[in-house]
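Asker: File final.pdb below, PDB, C-alpha atoms:
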MODEL        1
ATOM      1  CA  MET A  22      18.228   7.792 -27.354
ATOM      2  CA  SER A  23      19.110   4.754 -25.242
ATOM      3  CA  GLN A  24      22.678   6.053 -24.723
ATOM      4  CA  GLN A  25      21.273   9.382 -23.519
ATOM      5  CA  ASN A  26      18.932   7.577 -21.114
ATOM      6  CA  ASP A  27      21.835   5.461 -19.818
ATOM      7  CA  GLN A  28      23.789   8.649 -19.079
ATOM      8  CA  ASN A  29      20.876   9.981 -17.016
ATOM      9  CA  ILE A  30      20.669   6.845 -14.856
ATOM     10  CA  VAL A  31      21.871   7.520 -11.305
ATOM     11  CA  LEU A  32      21.556   3.929 -10.087
ATOM     12  CA  ALA A  33      21.078   0.889 -12.293
ATOM     13  CA  ILE A  34      18.355  -1.626 -11.420
ATOM     14  CA  ASP A  35      20.794  -4.255 -10.112
ATOM     15  CA  GLU A  36      23.327  -1.778  -8.743
ATOM     16  CA  LYS A  37      23.893  -1.761  -4.990
ATOM     17  CA  PRO A  38      23.782   1.813  -3.661
ATOM     18  CA  LYS A  39      26.307   3.190  -1.213
ATOM     19  CA  LEU A  40      25.402   2.960   2.468
ATOM     20  CA  GLY A  41      24.268   6.587   2.738
ATOM     21  CA  GLN A  42      22.274   6.373  -0.487
ATOM     22  CA  GLY A  43      20.716   3.103   0.609
ATOM     23  CA  ILE A  44      19.597   4.602   3.918
ATOM     24  CA  LEU A  45      17.999   7.628   2.225
ATOM     25  CA  LEU A  46      16.286   5.454  -0.391
ATOM     26  CA  SER A  47      15.013   3.143   2.344
ATOM     27  CA  ILE A  48      13.611   6.072   4.337
ATOM     28  CA  GLN A  49      11.899   7.426   1.208
ATOM     29  CA  HIS A  50      10.433   4.002   0.465
ATOM     30  CA  LEU A  51       9.283   3.750   4.087
ATOM     31  CA  PHE A  52       7.395   7.043   3.842
ATOM     32  CA  ALA A  53       6.033   6.170   0.393
ATOM     33  CA  MET A  54       4.483   2.936   1.644
ATOM     34  CA  PHE A  55       3.567   4.196   5.110
ATOM     35  CA  GLY A  56       0.677   6.444   4.117
ATOM     36  CA  ALA A  57      -1.219   3.841   2.118
ATOM     37  CA  THR A  58      -0.490   0.977   4.512
ATOM     38  CA  VAL A  59      -1.649   2.938   7.561
ATOM     39  CA  LEU A  60      -4.569   4.668   5.815
ATOM     40  CA  VAL A  61      -6.539   1.451   5.292
ATOM     41  CA  PRO A  62      -6.596   0.379   8.967
ATOM     42  CA  ALA A  63      -7.195   3.997   9.984
ATOM     43  CA  LEU A  64     -10.302   4.193   7.778
ATOM     44  CA  THR A  65     -11.587   0.765   8.814
ATOM     45  CA  GLY A  66     -10.955   1.091  12.545
ATOM     46  CA  MET A  67      -8.220  -1.541  12.651
ATOM     47  CA  SER A  68      -4.740  -1.416  14.184
ATOM     48  CA  PRO A  69      -2.101   0.364  12.043
ATOM     49  CA  ALA A  70       0.632  -1.402  14.034
ATOM     50  CA  ILE A  71      -0.761  -4.821  13.126
ATOM     51  CA  ALA A  72      -1.036  -3.728   9.486
ATOM     52  CA  LEU A  73       2.630  -2.699   9.441
ATOM     53  CA  ILE A  74       3.778  -5.946  11.059
ATOM     54  CA  SER A  75       1.664  -8.016   8.660
ATOM     55  CA  SER A  76       2.976  -6.053   5.685
ATOM     56  CA  GLY A  77       6.565  -6.514   6.823
ATOM     57  CA  ILE A  78       6.208 -10.261   7.326
ATOM     58  CA  GLY A  79       4.303 -10.610   4.051
ATOM     59  CA  THR A  80       6.987  -8.684   2.164
ATOM     60  CA  LEU A  81       9.791 -10.842   3.571
ATOM     61  CA  VAL A  82       7.913 -14.016   2.601
ATOM     62  CA  PHE A  83       7.187 -12.517  -0.845
ATOM     63  CA  ILE A  84      10.882 -11.740  -1.418
ATOM     64  CA  LEU A  85      11.797 -15.269  -0.333
ATOM     65  CA  ILE A  86       9.266 -16.938  -2.649
ATOM     66  CA  THR A  87      10.130 -14.745  -5.649
ATOM     67  CA  ARG A  88      13.867 -15.168  -4.920
ATOM     68  CA  GLY A  89      14.321 -11.411  -4.741
ATOM     69  CA  LYS A  90      13.463 -10.904  -8.417
ATOM     70  CA  VAL A  91      10.426  -8.643  -7.913
ATOM     71  CA  PRO A  92      11.132  -5.238  -6.296
ATOM     72  CA  SER A  93       7.770  -4.899  -4.556
ATOM     73  CA  TYR A  94       6.373  -4.182  -1.126
ATOM     74  CA  LEU A  95       3.164  -5.815   0.097
ATOM     75  CA  GLY A  96       0.899  -3.261   1.749
ATOM     76  CA  SER A  97      -2.766  -2.738   2.512
ATOM     77  CA  SER A  98      -5.264  -2.940  -0.336
ATOM     78  CA  PHE A  99      -7.752  -0.109  -0.759
ATOM     79  CA  ALA A 100     -10.176  -2.517  -2.428
ATOM     80  CA  PHE A 101     -11.253  -4.002   0.918
ATOM     81  CA  ILE A 102     -12.029  -0.729   2.712
ATOM     82  CA  ASN A 103     -15.763  -0.694   1.991
ATOM     83  CA  PRO A 104     -16.359  -4.446   2.572
ATOM     84  CA  ILE A 105     -14.565  -4.295   5.933
ATOM     85  CA  ILE A 106     -16.463  -1.173   6.994
ATOM     86  CA  ALA A 107     -19.734  -2.833   5.963
ATOM     87  CA  MET A 108     -18.977  -6.002   7.925
ATOM     88  CA  LYS A 109     -17.888  -4.117  11.028
ATOM     89  CA  ALA A 110     -21.131  -2.129  10.861
ATOM     90  CA  LEU A 111     -23.085  -5.392  10.685
ATOM     91  CA  GLU A 112     -21.086  -6.780  13.607
ATOM     92  CA  ALA A 113     -22.078  -3.762  15.708
ATOM     93  CA  ASN A 114     -25.775  -4.295  14.917
ATOM     94  CA  PRO A 115     -27.369  -6.506  17.632
ATOM     95  CA  GLU A 116     -29.982  -7.747  15.155
ATOM     96  CA  SER A 117     -27.361  -8.833  12.632
ATOM     97  CA  GLU A 118     -26.317 -12.449  12.148
ATOM     98  CA  ILE A 119     -22.707 -11.424  11.572
ATOM     99  CA  ALA A 120     -20.454 -12.644  14.396
ATOM    100  CA  THR A 121     -17.588 -10.672  15.906
ATOM    101  CA  GLY A 122     -14.376 -11.039  13.905
ATOM    102  CA  SER A 123     -16.159 -11.951  10.681
ATOM    103  CA  PHE A 124     -14.063  -9.503   8.679
ATOM    104  CA  LEU A 125     -10.954 -11.364   9.890
ATOM    105  CA  VAL A 126     -12.463 -14.633   8.684
ATOM    106  CA  GLY A 127     -13.178 -12.910   5.384
ATOM    107  CA  SER A 128      -9.559 -11.756   5.145
ATOM    108  CA  PHE A 129      -8.417 -15.336   5.699
ATOM    109  CA  LEU A 130     -10.755 -16.565   2.948
ATOM    110  CA  VAL A 131      -9.310 -13.966   0.584
ATOM    111  CA  GLY A 132      -5.843 -15.357   1.306
ATOM    112  CA  VAL A 133      -7.114 -18.858   0.559
ATOM    113  CA  THR A 134      -8.592 -17.554  -2.711
ATOM    114  CA  TYR A 135      -5.231 -16.060  -3.724
ATOM    115  CA  SER A 136      -3.500 -19.366  -2.962
ATOM    116  CA  LEU A 137      -5.989 -21.293  -5.094
ATOM    117  CA  VAL A 138      -5.570 -18.841  -7.985
ATOM    118  CA  ALA A 139      -1.771 -19.129  -7.716
ATOM    119  CA  LEU A 140      -2.038 -22.922  -7.709
ATOM    120  CA  PHE A 141      -4.252 -22.841 -10.790
ATOM    121  CA  ILE A 142      -1.818 -20.482 -12.544
ATOM    122  CA  ALA A 143       1.062 -22.834 -11.748
ATOM    123  CA  THR A 144      -0.932 -25.672 -13.311
ATOM    124  CA  ALA A 145      -2.692 -24.024 -16.253
ATOM    125  CA  GLY A 146      -0.425 -21.053 -16.998
ATOM    126  CA  THR A 147      -1.307 -17.359 -17.267
ATOM    127  CA  LYS A 148      -2.965 -17.105 -20.688
ATOM    128  CA  TRP A 149      -6.482 -17.590 -19.291
ATOM    129  CA  LEU A 150      -5.925 -14.913 -16.646
ATOM    130  CA  MET A 151      -4.441 -12.426 -19.119
ATOM    131  CA  LYS A 152      -7.500 -12.931 -21.341
ATOM    132  CA  LEU A 153      -9.789 -12.433 -18.351
ATOM    133  CA  LEU A 154      -7.862  -9.382 -17.120
ATOM    134  CA  PRO A 155      -6.159  -7.686 -20.098
ATOM    135  CA  PRO A 156      -4.376  -4.318 -19.644
ATOM    136  CA  ILE A 157      -7.465  -2.455 -20.876
ATOM    137  CA  VAL A 158      -9.327  -3.871 -17.859
ATOM    138  CA  VAL A 159      -6.506  -3.715 -15.318
ATOM    139  CA  GLY A 160      -5.708  -0.044 -16.009
ATOM    140  CA  PRO A 161      -9.192   1.366 -15.307
ATOM    141  CA  VAL A 162      -9.517  -0.824 -12.188
ATOM    142  CA  ILE A 163      -6.369   0.715 -10.701
ATOM    143  CA  MET A 164      -7.521   4.205 -11.719
ATOM    144  CA  VAL A 165     -10.943   3.770 -10.117
ATOM    145  CA  ILE A 166      -9.426   2.610  -6.819
ATOM    146  CA  GLY A 167      -7.054   5.577  -6.710
ATOM    147  CA  LEU A 168      -9.616   8.161  -7.768
ATOM    148  CA  GLY A 169     -12.132   6.722  -5.318
ATOM    149  CA  LEU A 170      -9.842   7.755  -2.477
ATOM    150  CA  ALA A 171      -9.189  11.232  -3.890
ATOM    151  CA  SER A 172     -11.833  12.772  -1.632
ATOM    152  CA  THR A 173     -10.140  11.260   1.434
ATOM    153  CA  ALA A 174      -6.765  12.650   0.358
ATOM    154  CA  ILE A 175      -8.266  16.094  -0.223
ATOM    155  CA  LYS A 176      -9.859  16.117   3.223
ATOM    156  CA  MET A 177      -6.585  15.070   4.842
ATOM    157  CA  VAL A 178      -4.785  17.971   3.146
ATOM    158  CA  THR A 179      -7.419  20.673   3.598
ATOM    159  CA  ASN A 180      -8.840  19.848   7.035
ATOM    160  CA  ASN A 181      -7.322  20.364  10.471
ATOM    161  CA  PRO A 182      -7.457  17.631  13.164
ATOM    162  CA  SER A 183     -10.952  18.855  14.113
ATOM    163  CA  GLY A 184     -12.196  18.080  10.608
ATOM    164  CA  GLU A 185     -12.682  21.726   9.646
ATOM    165  CA  TYR A 186     -11.342  23.406   6.513
ATOM    166  CA  ASP A 187      -8.118  25.229   7.347
ATOM    167  CA  LEU A 188      -6.125  27.349   4.894
ATOM    168  CA  THR A 189      -2.960  26.740   6.929
ATOM    169  CA  TYR A 190      -3.057  23.025   6.156
ATOM    170  CA  VAL A 191      -3.832  23.729   2.498
ATOM    171  CA  THR A 192      -0.749  25.946   2.326
ATOM    172  CA  ILE A 193       1.439  23.275   3.931
ATOM    173  CA  GLY A 194       0.198  20.656   1.484
ATOM    174  CA  PHE A 195       0.768  22.980  -1.475
ATOM    175  CA  VAL A 196       4.305  23.863  -0.355
ATOM    176  CA  THR A 197       5.133  20.169   0.137
ATOM    177  CA  LEU A 198       3.864  19.368  -3.367
ATOM    178  CA  ILE A 199       5.822  22.229  -4.953
ATOM    179  CA  ILE A 200       9.058  21.182  -3.226
ATOM    180  CA  THR A 201       8.583  17.602  -4.433
ATOM    181  CA  ILE A 202       7.849  18.645  -8.029
ATOM    182  CA  ILE A 203      10.785  21.073  -8.209
ATOM    183  CA  THR A 204      13.162  18.438  -6.821
ATOM    184  CA  ALA A 205      11.917  15.798  -9.266
ATOM    185  CA  ILE A 206      12.165  18.050 -12.330
ATOM    186  CA  PHE A 207      15.138  20.330 -11.771
ATOM    187  CA  SER A 208      17.530  18.500  -9.440
ATOM    188  CA  LYS A 209      20.406  16.396 -10.759
ATOM    189  CA  GLY A 210      22.315  13.404  -9.507
ATOM    190  CA  PHE A 211      21.168  11.400  -6.511
ATOM    191  CA  LEU A 212      18.868  14.187  -5.302
ATOM    192  CA  SER A 213      16.631  13.558  -8.316
ATOM    193  CA  VAL A 214      16.026  10.015  -7.053
ATOM    194  CA  ILE A 215      14.623  11.079  -3.666
ATOM    195  CA  PRO A 216      12.137  13.896  -4.450
ATOM    196  CA  VAL A 217       9.482  12.405  -2.160
ATOM    197  CA  LEU A 218      11.849  12.399   0.810
ATOM    198  CA  VAL A 219      12.969  15.959   0.070
ATOM    199  CA  GLY A 220       9.337  17.062  -0.200
ATOM    200  CA  ILE A 221       8.424  15.403   3.103
ATOM    201  CA  ILE A 222      11.372  16.991   4.927
ATOM    202  CA  GLY A 223      10.709  20.409   3.401
ATOM    203  CA  GLY A 224       6.985  20.213   4.110
ATOM    204  CA  TYR A 225       7.587  19.086   7.695
ATOM    205  CA  LEU A 226      10.014  21.938   8.373
ATOM    206  CA  PHE A 227       7.509  24.381   6.894
ATOM    207  CA  ALA A 228       4.771  22.891   9.087
ATOM    208  CA  ILE A 229       6.963  23.498  12.152
ATOM    209  CA  THR A 230       7.322  27.170  11.223
ATOM    210  CA  MET A 231       3.529  27.350  10.870
ATOM    211  CA  GLY A 232       3.143  26.052  14.428
ATOM    212  CA  VAL A 233       1.024  22.984  13.651
ATOM    213  CA  VAL A 234       3.523  20.296  14.710
ATOM    214  CA  ASP A 235       3.051  18.884  18.209
ATOM    215  CA  LEU A 236       5.959  16.679  19.271
ATOM    216  CA  ASN A 237       4.508  15.811  22.688
ATOM    217  CA  PRO A 238       2.887  12.545  21.476
ATOM    218  CA  VAL A 239       6.270  11.488  20.080
ATOM    219  CA  ILE A 240       8.063  12.372  23.313
ATOM    220  CA  GLU A 241       5.477  10.599  25.464
ATOM    221  CA  ALA A 242       5.247   7.506  23.248
ATOM    222  CA  LYS A 243       6.838   4.269  24.432
ATOM    223  CA  TRP A 244       9.999   3.105  22.700
ATOM    224  CA  PHE A 245       8.815  -0.501  22.618
ATOM    225  CA  MET A 246       5.267  -1.806  22.805
ATOM    226  CA  ILE A 247       3.622  -5.066  21.797
ATOM    227  CA  PRO A 248       0.664  -4.434  19.444
ATOM    228  CA  ASP A 249      -2.777  -5.605  20.449
ATOM    229  CA  PHE A 250      -3.016  -8.804  18.411
ATOM    230  CA  THR A 251      -6.432 -10.361  17.819
ATOM    231  CA  ILE A 252      -6.077 -14.128  18.200
ATOM    232  CA  PRO A 253      -8.721 -16.538  16.831
ATOM    233  CA  PHE A 254     -10.382 -18.845  19.373
ATOM    234  CA  VAL A 255      -9.028 -16.562  22.117
ATOM    235  CA  ASP A 256     -10.406 -13.108  21.327
ATOM    236  CA  TYR A 257     -13.175 -14.344  19.039
ATOM    237  CA  THR A 258     -14.625 -17.540  17.615
ATOM    238  CA  PRO A 259     -14.256 -17.743  13.813
ATOM    239  CA  THR A 260     -17.673 -18.131  12.220
ATOM    240  CA  LEU A 261     -18.286 -18.663   8.521
ATOM    241  CA  SER A 262     -21.368 -17.131   6.927
ATOM    242  CA  TRP A 263     -22.628 -16.365   3.439
ATOM    243  CA  TYR A 264     -22.419 -12.645   4.217
ATOM    244  CA  VAL A 265     -18.672 -12.934   4.666
ATOM    245  CA  ILE A 266     -18.238 -15.007   1.512
ATOM    246  CA  PHE A 267     -20.269 -12.686  -0.710
ATOM    247  CA  LEU A 268     -18.771  -9.485   0.726
ATOM    248  CA  MET A 269     -15.078 -10.412   0.653
ATOM    249  CA  ILE A 270     -14.243 -13.127  -1.865
ATOM    250  CA  PRO A 271     -15.600 -11.357  -5.006
ATOM    251  CA  VAL A 272     -13.484  -8.312  -4.126
ATOM    252  CA  ALA A 273     -10.356 -10.491  -4.340
ATOM    253  CA  ILE A 274     -10.465 -10.134  -8.129
ATOM    254  CA  VAL A 275      -9.631  -6.421  -7.757
ATOM    255  CA  PRO A 276      -6.232  -6.846  -6.031
ATOM    256  CA  ILE A 277      -5.436  -9.610  -8.518
ATOM    257  CA  ALA A 278      -6.030  -7.100 -11.316
ATOM    258  CA  GLU A 279      -3.928  -4.551  -9.423
ATOM    259  CA  HIS A 280      -1.128  -7.053  -9.038
ATOM    260  CA  ILE A 281      -1.071  -7.870 -12.743
ATOM    261  CA  GLY A 282      -0.847  -4.148 -13.496
ATOM    262  CA  HIS A 283       2.015  -3.751 -11.036
ATOM    263  CA  GLN A 284       3.910  -6.669 -12.546
ATOM    264  CA  LEU A 285       3.472  -5.315 -16.077
ATOM    265  CA  VAL A 286       4.770  -1.883 -15.039
ATOM    266  CA  LEU A 287       7.659  -3.345 -13.054
ATOM    267  CA  SER A 288       8.560  -5.523 -16.030
ATOM    268  CA  LYS A 289       8.994  -2.357 -18.091
ATOM    269  CA  VAL A 290      11.050  -0.701 -15.341
ATOM    270  CA  VAL A 291      13.489  -3.581 -14.801
ATOM    271  CA  ASN A 292      13.381  -4.669 -18.461
ATOM    272  CA  LYS A 293      12.445  -8.232 -17.513
ATOM    273  CA  ASP A 294       9.277 -10.276 -17.941
ATOM    274  CA  LEU A 295       8.248 -10.773 -14.313
ATOM    275  CA  ILE A 296       5.076 -12.546 -15.429
ATOM    276  CA  GLU A 297       7.265 -15.409 -16.665
ATOM    277  CA  ASP A 298      10.185 -15.173 -14.228
ATOM    278  CA  PRO A 299       9.724 -15.699 -11.334
ATOM    279  CA  GLY A 300       6.144 -16.256 -12.516
ATOM    280  CA  LEU A 301       2.744 -14.883 -11.606
ATOM    281  CA  ASP A 302       2.011 -17.954  -9.506
ATOM    282  CA  LYS A 303       4.892 -17.070  -7.179
ATOM    283  CA  SER A 304       4.287 -13.329  -7.012
TER     284      SER A 304
ENDMDL
END
Please render this file's structure as structure tokens.
Answerer:
Amino acid sequence: MSQQNDQNIVLAIDEKPKLGQGILLSIQHLFAMFGATVLVPALTGMSPAIALISSGIGTLVFILITRGKVPSYLGSSFAFINPIIAMKALEANPESEIATGSFLVGSFLVGVTYSLVALFIATAGTKWLMKLLPPIVVGPVIMVIGLGLASTAIKMVTNNPSGEYDLTYVTIGFVTLIITIITAIFSKGFLSVIPVLVGIIGGYLFAITMGVVDLNPVIEAKWFMIPDFTIPFVDYTPTLSWYVIFLMIPVAIVPIAEHIGHQLVLSKVVNKDLIEDPGLDKS
């Protein structure tokens, strides 16, 4: 069985792809991460450009710390959508005690929480965390987060830009899905590795024939533009409150559970124990 699986492998885990293959795989990975990374700021009213820059910097730092041993990308977490929306709603309420930029302070506190957990793992090991968050707990947590956003995905596929149900958009989504599935199941060689990219290209071309693609925003967009960064003590004064602590920090346990699940799955994919090397404290 293992020999048969080895024969079906197009690229080994540690194998460097050819330049053309690497470009196509990179583009597919870009599109795969783009939707989720941009969706979170889009739903919370934040800047997608800032999210992409933060994700890129975070990923580079992650690769450096883990010495390139963990093939992961750091993107936006769906777990913080509702807390951020709740805090921004409180910020907009004149009678609320929540100060402007509180959700940014909360995000910083979450980062501090992760650092403290990593430090504790480096000191005490991972056994306590694996007992607290076993696979039977981690799995349902990831499922709930994904299924919780199913309604948003359905609306994005079935609704037109005006928010109304449109059969044209349903058809485009269905065609894109079918192309992706057919490519993944029936194609051979390198094409079987990039079904998502093939589906996106096929779906986009079909959308053009349906007359729903408007390229004017792309043509009119600037080639280079500095994102609108929000700088503490310049754009807002960081203020700590119990609302921020109770809304954001408890949610940090969810991405930690997600991360453990990701590391366990990746360990199976690369046939290495990533929990031990480079270690959960580093990843």
Asker: Using atom CA of Ser136 of chain A and atom CA of Pro92 of chain A as the two end points, give the distance in Å to one decimal.
Answerer: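 Computed distance, atom CA of Ser136 of chain A to atom CA of Pro92 of chain A, equals 20.6 Å.
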Asker: Counting only C-alpha atoms, which of A:Asn181, A:Thr197, A:Gln49, A:Ser93 gets nearest to Leu81 of chain A?
Answerer: A:Ser93
Asker: Just the residues within 10 Å of segment 33-43 of chain A, please, counting only C-alpha atoms, with nothing from its chain fewer than 6 positions along; format it as JSON, numbers by chain.
Answerer: {"A": [27, 49, 92, 211, 212, 214, 215, 290, 291, 292]}
Asker: I'd like to see the residues matched by the PyMOL selection byres ((chain A and resi 60) around 10) on this file, and ideally I'd get them as a list in words.
Answerer: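 After applying the PyMOL selection byres ((chain A and resi 60) around 10), what remains is Phe55, Gly56, Ala57, Thr58, Val59, Val61, Pro62, Ala63, Leu64, Thr65, Gly66, Met67, Pro69, Ala72, Ser97, Ser98, Phe99, Ile102, Thr173 and Ala174 of chain A.
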Asker: Run through the PyMOL selection byres ((chain A and resi 144-157) around 10) on the given coordinates and return the selected residues as an MDAnalysis selection string.
Answerer: chainID A and resid 138:143 158:162 274:275 277:279 281:282 285 296:297 300:302
Asker: Exactly which residues make up the result of the PyMOL selection byres ((chain A and resi 76) around 8) on this file, given as a VMD selection string?
Answerer: chain A and resid 58 72 to 75 77 to 80 94 to 97
Asker: Please, what distance in Å, to one decimal, runs between atom CA of Val91 of chain A and atom CA of Met54 of chain A?
Answerer: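 One can read the atom CA of Val91 of chain A to atom CA of Met54 of chain A distance as 16.1 Å.
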Asker: Edge lengths and centre, in Å to one decimal, as AutoDock Vina command-line options: that's what I need for the box along x, y and z that holds all listed atoms of segment 224-241 of chain A plus 8 Å on each side.
Answerer:
--center_x 5.5 --center_y 19.0 --center_z 14.8 --size_x 25.0 --size_y 32.8 --size_z 37.4
Asker: Compile the contact shell of Pro104 of chain A as a ChimeraX atom specification: residues with an atom at most 9 Å away, counting all atoms listed in the file, same-chain residues fewer than 4 positions apart removed.
Answerer: /A:100,108-109,124,268-269,272
Asker: For Thr260 of chain A, which residue out of A:Leu130, A:Lys90, A:Ile44, A:Ala107 is the nearest one, using all atoms listed in the file?
Answerer: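 Residue with the minimum atom-to-atom distance to Thr260 of chain A: A:Leu130.
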Asker: Just the number, please: distance in Å from atom CA of Lys293 of chain A to atom CA of Gly89 of chain A, one decimal.
Answerer: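 These atoms are spaced 13.3 Å apart.
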Asker: Complete segment 111-138 of chain A with N, CA and C atoms (output as a PDB file, keeping the file's coordinate frame).
Answerer:
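Below is the file part.pdb, written as the result:
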ATOM      1  N   LEU A 111     -22.159  -4.290  10.416  1.00  0.00           N
ATOM      2  CA  LEU A 111     -23.085  -5.392  10.685  1.00  0.00           C
ATOM      3  C   LEU A 111     -22.766  -6.074  12.017  1.00  0.00           C
ATOM      4  N   GLU A 112     -21.474  -6.180  12.329  1.00  0.00           N
ATOM      5  CA  GLU A 112     -21.086  -6.780  13.607  1.00  0.00           C
ATOM      6  C   GLU A 112     -21.612  -5.961  14.786  1.00  0.00           C
ATOM      7  N   ALA A 113     -21.636  -4.641  14.620  1.00  0.00           N
ATOM      8  CA  ALA A 113     -22.078  -3.762  15.708  1.00  0.00           C
ATOM      9  C   ALA A 113     -23.590  -3.745  15.861  1.00  0.00           C
ATOM     10  N   ASN A 114     -24.311  -4.270  14.866  1.00  0.00           N
ATOM     11  CA  ASN A 114     -25.775  -4.295  14.917  1.00  0.00           C
ATOM     12  C   ASN A 114     -26.242  -5.531  15.692  1.00  0.00           C
ATOM     13  N   PRO A 115     -26.923  -5.355  16.821  1.00  0.00           N
ATOM     14  CA  PRO A 115     -27.369  -6.506  17.632  1.00  0.00           C
ATOM     15  C   PRO A 115     -28.298  -7.450  16.884  1.00  0.00           C
ATOM     16  N   GLU A 116     -29.036  -6.923  15.898  1.00  0.00           N
ATOM     17  CA  GLU A 116     -29.982  -7.747  15.155  1.00  0.00           C
ATOM     18  C   GLU A 116     -29.327  -8.481  13.988  1.00  0.00           C
ATOM     19  N   SER A 117     -28.055  -8.211  13.758  1.00  0.00           N
ATOM     20  CA  SER A 117     -27.361  -8.833  12.632  1.00  0.00           C
ATOM     21  C   SER A 117     -26.905 -10.242  12.988  1.00  0.00           C
ATOM     22  N   GLU A 118     -26.802 -11.081  11.964  1.00  0.00           N
ATOM     23  CA  GLU A 118     -26.317 -12.449  12.148  1.00  0.00           C
ATOM     24  C   GLU A 118     -24.796 -12.543  12.023  1.00  0.00           C
ATOM     25  N   ILE A 119     -24.156 -11.423  11.730  1.00  0.00           N
ATOM     26  CA  ILE A 119     -22.707 -11.424  11.572  1.00  0.00           C
ATOM     27  C   ILE A 119     -22.037 -11.499  12.939  1.00  0.00           C
ATOM     28  N   ALA A 120     -21.142 -12.466  13.120  1.00  0.00           N
ATOM     29  CA  ALA A 120     -20.454 -12.644  14.396  1.00  0.00           C
ATOM     30  C   ALA A 120     -19.234 -11.736  14.480  1.00  0.00           C
ATOM     31  N   THR A 121     -18.784 -11.479  15.691  1.00  0.00           N
ATOM     32  CA  THR A 121     -17.588 -10.672  15.906  1.00  0.00           C
ATOM     33  C   THR A 121     -16.373 -11.333  15.255  1.00  0.00           C
ATOM     34  N   GLY A 122     -15.564 -10.516  14.571  1.00  0.00           N
ATOM     35  CA  GLY A 122     -14.376 -11.039  13.905  1.00  0.00           C
ATOM     36  C   GLY A 122     -14.637 -11.613  12.532  1.00  0.00           C
ATOM     37  N   SER A 123     -15.837 -11.381  11.994  1.00  0.00           N
ATOM     38  CA  SER A 123     -16.159 -11.951  10.681  1.00  0.00           C
ATOM     39  C   SER A 123     -15.277 -11.380   9.582  1.00  0.00           C
ATOM     40  N   PHE A 124     -14.907 -10.097   9.719  1.00  0.00           N
ATOM     41  CA  PHE A 124     -14.063  -9.503   8.679  1.00  0.00           C
ATOM     42  C   PHE A 124     -12.673 -10.145   8.678  1.00  0.00           C
ATOM     43  N   LEU A 125     -12.229 -10.648   9.831  1.00  0.00           N
ATOM     44  CA  LEU A 125     -10.954 -11.364   9.890  1.00  0.00           C
ATOM     45  C   LEU A 125     -11.069 -12.722   9.201  1.00  0.00           C
ATOM     46  N   VAL A 126     -12.208 -13.374   9.391  1.00  0.00           N
ATOM     47  CA  VAL A 126     -12.463 -14.633   8.684  1.00  0.00           C
ATOM     48  C   VAL A 126     -12.493 -14.375   7.181  1.00  0.00           C
ATOM     49  N   GLY A 127     -13.132 -13.273   6.793  1.00  0.00           N
ATOM     50  CA  GLY A 127     -13.178 -12.910   5.384  1.00  0.00           C
ATOM     51  C   GLY A 127     -11.794 -12.661   4.813  1.00  0.00           C
ATOM     52  N   SER A 128     -10.933 -12.004   5.591  1.00  0.00           N
ATOM     53  CA  SER A 128      -9.559 -11.756   5.145  1.00  0.00           C
ATOM     54  C   SER A 128      -8.809 -13.068   4.943  1.00  0.00           C
ATOM     55  N   PHE A 129      -9.044 -14.015   5.840  1.00  0.00           N
ATOM     56  CA  PHE A 129      -8.417 -15.336   5.699  1.00  0.00           C
ATOM     57  C   PHE A 129      -8.901 -16.032   4.432  1.00  0.00           C
ATOM     58  N   LEU A 130     -10.200 -15.934   4.151  1.00  0.00           N
ATOM     59  CA  LEU A 130     -10.755 -16.565   2.948  1.00  0.00           C
ATOM     60  C   LEU A 130     -10.186 -15.934   1.682  1.00  0.00           C
ATOM     61  N   VAL A 131      -9.933 -14.634   1.727  1.00  0.00           N
ATOM     62  CA  VAL A 131      -9.310 -13.966   0.584  1.00  0.00           C
ATOM     63  C   VAL A 131      -7.912 -14.533   0.347  1.00  0.00           C
ATOM     64  N   GLY A 132      -7.163 -14.750   1.435  1.00  0.00           N
ATOM     65  CA  GLY A 132      -5.843 -15.357   1.306  1.00  0.00           C
ATOM     66  C   GLY A 132      -5.910 -16.751   0.713  1.00  0.00           C
ATOM     67  N   VAL A 133      -6.913 -17.517   1.127  1.00  0.00           N
ATOM     68  CA  VAL A 133      -7.114 -18.858   0.559  1.00  0.00           C
ATOM     69  C   VAL A 133      -7.423 -18.756  -0.934  1.00  0.00           C
ATOM     70  N   THR A 134      -8.248 -17.768  -1.300  1.00  0.00           N
ATOM     71  CA  THR A 134      -8.592 -17.554  -2.711  1.00  0.00           C
ATOM     72  C   THR A 134      -7.352 -17.251  -3.537  1.00  0.00           C
ATOM     73  N   TYR A 135      -6.479 -16.369  -3.025  1.00  0.00           N
ATOM     74  CA  TYR A 135      -5.231 -16.060  -3.724  1.00  0.00           C
ATOM     75  C   TYR A 135      -4.377 -17.311  -3.915  1.00  0.00           C
ATOM     76  N   SER A 136      -4.304 -18.142  -2.884  1.00  0.00           N
ATOM     77  CA  SER A 136      -3.500 -19.366  -2.962  1.00  0.00           C
ATOM     78  C   SER A 136      -4.048 -20.312  -4.020  1.00  0.00           C
ATOM     79  N   LEU A 137      -5.372 -20.421  -4.093  1.00  0.00           N
ATOM     80  CA  LEU A 137      -5.989 -21.293  -5.094  1.00  0.00           C
ATOM     81  C   LEU A 137      -5.745 -20.765  -6.506  1.00  0.00           C
ATOM     82  N   VAL A 138      -5.835 -19.439  -6.672  1.00  0.00           N
ATOM     83  CA  VAL A 138      -5.570 -18.841  -7.985  1.00  0.00           C
ATOM     84  C   VAL A 138      -4.116 -19.079  -8.383  1.00  0.00           C
TER      85      VAL A 138
END
